[in-house]
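Asks: Mind looking over this structure? Questions follow.
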Amino acid sequence: MLLEPREVPLGGPRAMTVRRTLPHKQIRTVGAWCFVDHYGPESVHMSVPPHPHIGLQTVSWLLSGEIEHRDSLGSLQRVRAGELNLMTAGVGIAHSEYSMGDDPLHGVQLWVALTDEYRNMIAGFEHHHDLPDLTIGTADCRVIVGDFAGALSPAQVYSPLVGVEVTLAGSVVLPLSPQFEYAVLAVDDAVDVQDHRVPRAAMQYLGWGATSVEVTGSGRILLLGGEPLAEDLLMWWNFVGRSHTEIQQAREQWESGDGRFGDVVGDTLPRLPAPALPTVALKPRPSRR
Ligand code: MN
């Protein structure tokens, strides 16, 4: 199934349009991957002032440009193409992100839902610049998270999950685990996934049960996969929860400056205010219709 991206303008000082393929109205998660935004390449100053997260991990992955991350744990970390910033929000964290330098900004912002067992864990932050590389046929692969073809990323994730950047030079057959569902995001150019044309910024959902997939093209794709999530998520603003009450509580705690989220160390810009909650109760949604 082809997941066409929706264009989403990001408000506030970040004058950017992102292309969102997850959540999609038919497919809300791929494994525990629950949010996929693709942006650029664009010469733009990205500015995302302090804002909160709960119940998820953020995976910041660049194809070009640089972003500086700060958070309420005191982390200060620049990320560049091919490196990983992995933030575990758990019970609560606040962070900010600003683009740096003059290179066009091109990247993806991905979220991984934490399962019920881990979603209230203490927050954490990791940076990895030494991720494993491998070659399959003519394709160069870098393992962002999880295990791919025997190469294991050192990044800490909390459910069976994989994320790989693959640089194509023609046709390649990538090995898959039949217990995982997968999707292929075309980030540089249109590619062919088996017999399906996938336009740039679109994502082909592959389902589960396959042991390989053939991808043909040039430029980079992201292969995202994982064991299908058995939990219904409630996603609202920057929060991943399970009930209206807990989302409402997190919102109130952010708005009141509660210590649950803390302050982003070294950031003096005003924090992003939470939007108003809808007047009807938020409900968790199943991973697919
Ligand atoms: Mn964020």
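By order of appearance in the structure tokens: chains A, B, ..., then residues from 1 within every chain, and ligands from 1 in the order shown.
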Residues within 8 Å of ligand 1 (only C-alpha atoms and all ligand atoms), as a PyMOL selection string?
Replies: chain A and resi 48+51-53+58+94-97+238
Asks: Write a file of the selected residues as a PDB file, in the first residue's frame, keeping N, CA and C atoms.
Replies:
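Result file is result11.pdb:
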ATOM      1  N   VAL A  48      12.835  25.218  16.545  1.00  0.00           N
ATOM      2  CA  VAL A  48      11.775  24.584  17.335  1.00  0.00           C
ATOM      3  C   VAL A  48      12.114  24.812  18.809  1.00  0.00           C
ATOM      4  N   HIS A  51       9.815  22.412  23.930  1.00  0.00           N
ATOM      5  CA  HIS A  51       8.503  21.767  23.928  1.00  0.00           C
ATOM      6  C   HIS A  51       8.651  20.393  24.573  1.00  0.00           C
ATOM      7  N   PRO A  52       7.554  19.820  25.040  1.00  0.00           N
ATOM      8  CA  PRO A  52       7.620  18.572  25.813  1.00  0.00           C
ATOM      9  C   PRO A  52       7.310  17.341  24.961  1.00  0.00           C
ATOM     10  N   HIS A  53       7.713  16.182  25.464  1.00  0.00           N
ATOM     11  CA  HIS A  53       7.274  14.900  24.914  1.00  0.00           C
ATOM     12  C   HIS A  53       7.029  13.931  26.059  1.00  0.00           C
ATOM     13  N   THR A  58      12.367   9.985  20.174  1.00  0.00           N
ATOM     14  CA  THR A  58      12.533  10.714  18.921  1.00  0.00           C
ATOM     15  C   THR A  58      13.837  10.275  18.273  1.00  0.00           C
ATOM     16  N   ALA A  94      11.735  17.849  28.058  1.00  0.00           N
ATOM     17  CA  ALA A  94      11.551  19.011  27.183  1.00  0.00           C
ATOM     18  C   ALA A  94      12.822  19.166  26.365  1.00  0.00           C
ATOM     19  N   HIS A  95      12.672  19.574  25.091  1.00  0.00           N
ATOM     20  CA  HIS A  95      13.864  19.797  24.261  1.00  0.00           C
ATOM     21  C   HIS A  95      13.610  20.900  23.254  1.00  0.00           C
ATOM     22  N   SER A  96      14.715  21.343  22.615  1.00  0.00           N
ATOM     23  CA  SER A  96      14.629  22.320  21.530  1.00  0.00           C
ATOM     24  C   SER A  96      15.597  21.896  20.440  1.00  0.00           C
ATOM     25  N   GLU A  97      15.292  22.339  19.198  1.00  0.00           N
ATOM     26  CA  GLU A  97      16.135  21.999  18.058  1.00  0.00           C
ATOM     27  C   GLU A  97      16.232  23.203  17.140  1.00  0.00           C
ATOM     28  N   ASN A 238       2.555  16.601  21.062  1.00  0.00           N
ATOM     29  CA  ASN A 238       3.858  15.935  21.185  1.00  0.00           C
ATOM     30  C   ASN A 238       3.820  14.769  22.156  1.00  0.00           C
TER      31      ASN A 238
END
Asks: Determine which residues of stretch 75-180 of chain A receive a DSSP assignment of strand (DSSP E), computed from the backbone, and state them as a VMD selection string.
Replies: chain A and resid 76 to 80 84 to 88 93 to 100 105 to 113 124 to 128 133 to 136 139 to 145 147 to 148 151 to 152 161 to 175
Asks: Using only C-alpha atoms, determine which residues lie at most 8 Å from A:Ser153, disregarding the query and same-chain residues fewer than 5 positions distant; provide the list as a list in words.
Replies: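 Skipping anything fewer than 5 positions along the chain leaves Leu131, Pro132, Val143, Ile144, Val145, Gly146 and Asp147 of chain A.
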Asks: Of the candidates A:Glu7, A:Asp133, A:Glu227, A:Asp37, which one gets nearest to A:Ala186 if we count only C-alpha atoms?
Replies: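 That would be A:Asp37, the residue with the smallest distance to A:Ala186.
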Asks: Out of A:Ala113, A:Val79, A:Ala201, A:Val18, which residue has the shortest atom-to-atom distance to A:Met235 when counting only C-alpha atoms?
Replies: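 Checking each of A:Ala113, A:Val79, A:Ala201, A:Val18 against A:Met235, counting only C-alpha atoms, the winner is A:Ala113.
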Asks: Tell me which protein, DNA and RNA residues are within 12 Å of A:Pro286, counting only C-alpha atoms, leaving out same-chain ones fewer than 3 positions away, and put them as an NGL selection string.
Replies: :A and (23-30 or 34 or 228-235 or 242 or 283 or 289)
Asks: Generate the output file for the selected residues, C-alpha atoms, as an mmCIF file, in the first residue's frame.
Replies:
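New file result19.cif:
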data_model
loop_
_atom_site.group_PDB
_atom_site.id
_atom_site.type_symbol
_atom_site.label_atom_id
_atom_site.label_comp_id
_atom_site.auth_asym_id
_atom_site.auth_seq_id
_atom_site.Cartn_x
_atom_site.Cartn_y
_atom_site.Cartn_z
ATOM 1 C CA PRO A 23 0.344 8.431 11.195
ATOM 2 C CA HIS A 24 -1.683 7.746 8.047
ATOM 3 C CA LYS A 25 -5.443 7.303 8.128
ATOM 4 C CA GLN A 26 -5.140 3.623 7.203
ATOM 5 C CA ILE A 27 -1.794 2.711 8.737
ATOM 6 C CA ARG A 28 -0.995 4.438 12.011
ATOM 7 C CA THR A 29 2.129 2.490 13.005
ATOM 8 C CA VAL A 30 4.818 0.309 11.421
ATOM 9 C CA CYS A 34 4.417 5.987 14.929
ATOM 10 C CA PRO A 228 3.406 -5.065 14.829
ATOM 11 C CA LEU A 229 2.454 -3.049 17.882
ATOM 12 C CA ALA A 230 -0.213 -4.749 19.998
ATOM 13 C CA GLU A 231 -1.275 -1.554 21.783
ATOM 14 C CA ASP A 232 -3.658 1.216 20.742
ATOM 15 C CA LEU A 233 -2.009 4.635 20.957
ATOM 16 C CA LEU A 234 -3.428 8.020 21.744
ATOM 17 C CA MET A 235 -1.274 10.581 19.939
ATOM 18 C CA ARG A 242 -3.269 5.811 26.161
ATOM 19 C CA LYS A 283 -9.568 8.202 22.156
ATOM 20 C CA ARG A 289 -8.299 0.356 10.095
#
